[in-house]
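*Asks:* Below are the structure tokens for one structure; questions will follow.
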Amino acid sequence: MTASHPTKRPTDATHLDEQDVDLPKELLNLPWIDVHNHAHTLSWEDRERYALSGCRSMIMVASGYHWTPYKPVEADDIRYLWDDAVNRRAAIERNHFFEAKLGLGIHTGVRIENPDELLTAMGDYCELEEVVAIGETGVTPSQHVSSWDVDHQRAIVQAQMELATEHDLPVILHTPNRSTDSGRSYRPGTGIPGYEKNTSLGCEPVLDGDNPALDAVKIDVKAMRDAGLDDRRVVASHADGNNTEYLMENTDCYLSYTIGHSWLIGVTAADVADAIDEYGPERIMIDTDCANVLRTDPFALKRAIFELYRYGIDEEAIRTVVLDNPREVFEFEA
């Protein structure tokens, strides 16, 4: 600030001349890829928010049992979810201009009747050009309404991994989060604000011990090995502080941090920055997991780009995480 500046007294701006900050304007227009969301369940406006904030491509995951009105879930219910996503994908892509691809899988969060029917049909779906991943899937410690024991879950997960190996597709692995305990619970009967699922219908955990969330991931990794699936074809979604060290040091899988509903699972851009500092950006991605059963933020990934820079991550590492890694693993258009 020059002495002739018209402010009556010195302001904060007086001191800015002493700093040399080269702001990365290119981050304003950096395209990004969301490797895990359920955007086909969102409103038109929410999908447009993805486009407005720079989404280049996305994988819409159609394996969520949350949208089936019946419990236990039957194979036809899951098949309907797959078909609905296949049916609507092209219109979504045409309306919003981003590249929209699909992930189809069998989620183990609730017991599904006759899952072999789905496994038999899945091979044909894997041949579709728009299907670029199997999943999300993975062993889940607690189920909703109707429980699947660990052995049955593992068999379903491994069978999907074998299909992924056969069809050369990556797998989106659902890794359970170890949520932080706030010390408070909501009034009985009111549920969790922003989470439209009847949590009172949760079953007793099928995994016990000190850390069932991590134990589930270890079972998934064993299934991956037995299925002959290359580690680099697995993206462990919902990565967090509970599983990062294990996955980084014992596998070559990619880790994707879900930041679309941080209020629920506690994972933020700061956790992503910490992981990049510790392990580098080469095996890290970010996803939003936006879905109509949750209070989620379609702008979350764009916000994370800015947050990563503010936390000291350089532009090239940010590009690697939000664009280059997803493009390589899921073979999106250049």
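Residue numbers start at 1 in each chain; chains themselves are named A, B, ... in the order of the structure tokens; ligands are numbered from 1 in the order shown.
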Any idea what's packed within 12 Å of region 45-53 of chain A, counting only C-alpha atoms, ignoring anything in its chain fewer than 2 positions away? Could you give it as an NGL selection string?
*Replies:* :A and (27-34 or 37-43 or 55-58 or 60 or 89 or 91-100 or 260 or 288 or 290-292 or 295-306)
*Asks:* Can you pull out every residue from region 48-196 of chain A that DSSP, working from the backbone, puts in helix (DSSP H, G or I), and format the result as a PyMOL selection string?
*Replies:* chain A and resi 48-52+65-67+75-96+115-126+150-167
*Asks:* Would you pick out the contacts of Arg310 (chain A) at 12 Å or less, using only C-alpha atoms, so that residues sharing its chain but fewer than 6 positions from it are not included, and give the list as a ChimeraX atom specification?
*Replies:* /A:21,23-24,27,269-270,273,303-304,318
*Asks:* Since we have the selection now, will you write its residues out, keeping C-alpha atoms, as an mmCIF file, in the first residue's frame?
*Replies:*
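Output below, filename selection.cif:
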data_model
loop_
_atom_site.group_PDB
_atom_site.id
_atom_site.type_symbol
_atom_site.label_atom_id
_atom_site.label_comp_id
_atom_site.auth_asym_id
_atom_site.auth_seq_id
_atom_site.Cartn_x
_atom_site.Cartn_y
_atom_site.Cartn_z
ATOM 1 C CA VAL A 21 1.613 -15.474 -2.703
ATOM 2 C CA LEU A 23 -2.300 -18.220 -6.106
ATOM 3 C CA PRO A 24 -3.039 -21.228 -8.372
ATOM 4 C CA LEU A 27 -7.447 -24.872 -9.681
ATOM 5 C CA ALA A 269 -10.049 -32.918 3.173
ATOM 6 C CA ALA A 270 -7.615 -32.671 6.104
ATOM 7 C CA ALA A 273 -3.984 -34.104 2.970
ATOM 8 C CA ARG A 303 -14.350 -27.635 -2.161
ATOM 9 C CA ALA A 304 -11.794 -30.315 -1.307
ATOM 10 C CA ILE A 318 -4.098 -32.432 -6.323
#
*Asks:* Find the residue from A:Ala275, A:Val234, A:Leu294, A:Ala227 that sits nearest to Leu169 (chain A); use only C-alpha atoms when measuring.
*Replies:*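 Of A:Ala275, A:Val234, A:Leu294, A:Ala227, the one nearest Leu169 (chain A), counting only C-alpha atoms, is A:Val234.
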*Asks:* At a cut-off of 10 Å, can you tabulate as a tab-separated table every residue of region 251-285 of chain A near region 194-207 of chain A together with its closest atom pair and the distance in Å to one decimal, using only C-alpha atoms and ordering rows by chain then number?
*Replies:*
residue	atom	partner	partner_atom	distance
A:His261	CA	A:Gly194	CA	9.5
A:Trp263	CA	A:Gly194	CA	9.4
A:Leu264	CA	A:Tyr195	CA	8.6
*Asks:* How about saving the chosen residues, C-alpha atoms kept, as a CSV table (one decimal), in the first residue's frame?
*Replies:*
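Writing the result to selection13.csv gives the following:
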chain,number,residue,atom,x,y,z
A,261,HIS,CA,-21.0,-36.3,4.2
A,263,TRP,CA,-20.8,-34.7,9.3
A,264,LEU,CA,-21.7,-38.4,9.5
*Asks:* Would you mind listing what lies within 6 Å of region 107-115 of chain A as a count of residues only, with only C-alpha atoms counted and same-chain residues fewer than 2 positions away left out?
*Replies:* 13
*Asks:* Counting only C-alpha atoms, which residue out of A:Asn242, A:Asp314, A:Thr68, A:Val131 sits closest to Val86 (chain A)?
*Replies:*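 Comparing A:Asn242, A:Asp314, A:Thr68, A:Val131 against Val86 (chain A), the winner is A:Val131.
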*Asks:* Please provide the set of residues having any atom within 12 Å of Ile172 (chain A), restricted to only C-alpha atoms, with same-chain residues fewer than 2 positions apart removed, written as a PyMOL selection string.
*Replies:* chain A and resi 35-37+59-63+102-107+132-138+157+160-161+164+169-170+174-175+220+224+231-239+253-256+285+287+289+326+329-330
*Asks:* Take the residues just selected and output them with C-alpha atoms as a PDB file, in the first residue's frame.
*Replies:*
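Saved as selection-v1.pdb:
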ATOM      1  CA  VAL A  35     -15.336 -42.337  -8.487  1.00  0.00           C
ATOM      2  CA  HIS A  36     -18.236 -43.174  -6.189  1.00  0.00           C
ATOM      3  CA  ASN A  37     -21.627 -41.566  -5.957  1.00  0.00           C
ATOM      4  CA  ILE A  59     -19.253 -43.431 -11.544  1.00  0.00           C
ATOM      5  CA  MET A  60     -22.854 -43.816 -10.449  1.00  0.00           C
ATOM      6  CA  VAL A  61     -23.019 -46.846  -8.171  1.00  0.00           C
ATOM      7  CA  ALA A  62     -26.247 -48.838  -8.463  1.00  0.00           C
ATOM      8  CA  SER A  63     -25.696 -51.422  -5.739  1.00  0.00           C
ATOM      9  CA  LEU A 102     -21.834 -47.172 -13.878  1.00  0.00           C
ATOM     10  CA  GLY A 103     -20.728 -49.423 -11.064  1.00  0.00           C
ATOM     11  CA  LEU A 104     -22.976 -52.440 -10.499  1.00  0.00           C
ATOM     12  CA  GLY A 105     -22.641 -54.781  -7.561  1.00  0.00           C
ATOM     13  CA  ILE A 106     -24.139 -56.662  -4.660  1.00  0.00           C
ATOM     14  CA  HIS A 107     -23.890 -54.689  -1.428  1.00  0.00           C
ATOM     15  CA  VAL A 132     -16.749 -49.621 -15.742  1.00  0.00           C
ATOM     16  CA  ALA A 133     -16.648 -51.159 -12.253  1.00  0.00           C
ATOM     17  CA  ILE A 134     -18.118 -53.832 -10.023  1.00  0.00           C
ATOM     18  CA  GLY A 135     -19.320 -52.559  -6.693  1.00  0.00           C
ATOM     19  CA  GLU A 136     -19.680 -51.209  -4.276  1.00  0.00           C
ATOM     20  CA  THR A 137     -19.312 -54.375  -2.275  1.00  0.00           C
ATOM     21  CA  GLY A 138     -17.456 -55.605   0.777  1.00  0.00           C
ATOM     22  CA  VAL A 157     -17.760 -60.464  -2.272  1.00  0.00           C
ATOM     23  CA  GLN A 160     -17.844 -60.515  -7.575  1.00  0.00           C
ATOM     24  CA  MET A 161     -14.081 -60.109  -7.430  1.00  0.00           C
ATOM     25  CA  ALA A 164     -13.993 -58.525 -12.026  1.00  0.00           C
ATOM     26  CA  LEU A 169     -12.893 -54.504 -14.325  1.00  0.00           C
ATOM     27  CA  PRO A 170     -11.912 -52.641 -11.156  1.00  0.00           C
ATOM     28  CA  HIS A 174     -17.011 -50.598   0.562  1.00  0.00           C
ATOM     29  CA  THR A 175     -14.829 -50.242   3.647  1.00  0.00           C
ATOM     30  CA  ASP A 220     -12.031 -58.370   1.869  1.00  0.00           C
ATOM     31  CA  MET A 224      -9.223 -60.304  -3.229  1.00  0.00           C
ATOM     32  CA  ASP A 231      -4.552 -55.051  -5.977  1.00  0.00           C
ATOM     33  CA  ARG A 232      -4.333 -52.122  -8.395  1.00  0.00           C
ATOM     34  CA  ARG A 233      -7.800 -52.996  -9.673  1.00  0.00           C
ATOM     35  CA  VAL A 234      -9.353 -52.345  -6.250  1.00  0.00           C
ATOM     36  CA  VAL A 235     -10.407 -48.922  -4.988  1.00  0.00           C
ATOM     37  CA  ALA A 236     -11.114 -48.973  -1.259  1.00  0.00           C
ATOM     38  CA  SER A 237     -13.833 -46.379  -0.878  1.00  0.00           C
ATOM     39  CA  HIS A 238     -14.600 -44.737   2.495  1.00  0.00           C
ATOM     40  CA  ALA A 239     -10.938 -44.898   3.485  1.00  0.00           C
ATOM     41  CA  CYS A 253      -4.928 -50.922  -3.614  1.00  0.00           C
ATOM     42  CA  TYR A 254      -6.063 -47.381  -4.242  1.00  0.00           C
ATOM     43  CA  LEU A 255      -7.754 -45.545  -1.378  1.00  0.00           C
ATOM     44  CA  SER A 256     -10.690 -43.203  -1.963  1.00  0.00           C
ATOM     45  CA  MET A 285      -8.613 -40.539  -4.754  1.00  0.00           C
ATOM     46  CA  ASP A 287     -15.331 -39.407  -3.793  1.00  0.00           C
ATOM     47  CA  ASP A 289     -20.867 -40.836  -2.155  1.00  0.00           C
ATOM     48  CA  PRO A 326      -9.393 -42.028 -11.465  1.00  0.00           C
ATOM     49  CA  VAL A 329      -7.973 -46.905 -13.044  1.00  0.00           C
ATOM     50  CA  PHE A 330     -11.434 -46.558 -14.584  1.00  0.00           C
TER      51      PHE A 330
END
*Asks:* Output as a list in words all residues of region 69-229 of chain A that backbone DSSP marks as strand (DSSP E or B).
*Replies:*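 Those residues are Val73, Glu74, Glu99, Ala100, Lys101, Leu102, Gly103, Leu104, Ile112, Glu113, Val131, Val132, Ala133, Ile134, Gly135, Glu136, Thr137, His144, Val171, Ile172, Leu173, His174, Ile192, Tyr195 and Gly202 of chain A.
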*Asks:* Looking at A:Thr251, A:Gly64, A:Pro141, A:Thr165, which one is nearest to Arg178 (chain A), with distances taken over only C-alpha atoms?
*Replies:*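 Of A:Thr251, A:Gly64, A:Pro141, A:Thr165, the one nearest Arg178 (chain A), counting only C-alpha atoms, is A:Pro141.
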*Asks:* Go through A:Ala317, A:Leu247, A:Val322, A:Val293 and flag the residue nearest Gly280 (chain A), using only C-alpha atoms for the distances.
*Replies:*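 Under the stated criterion, the closest residue is A:Ala317.
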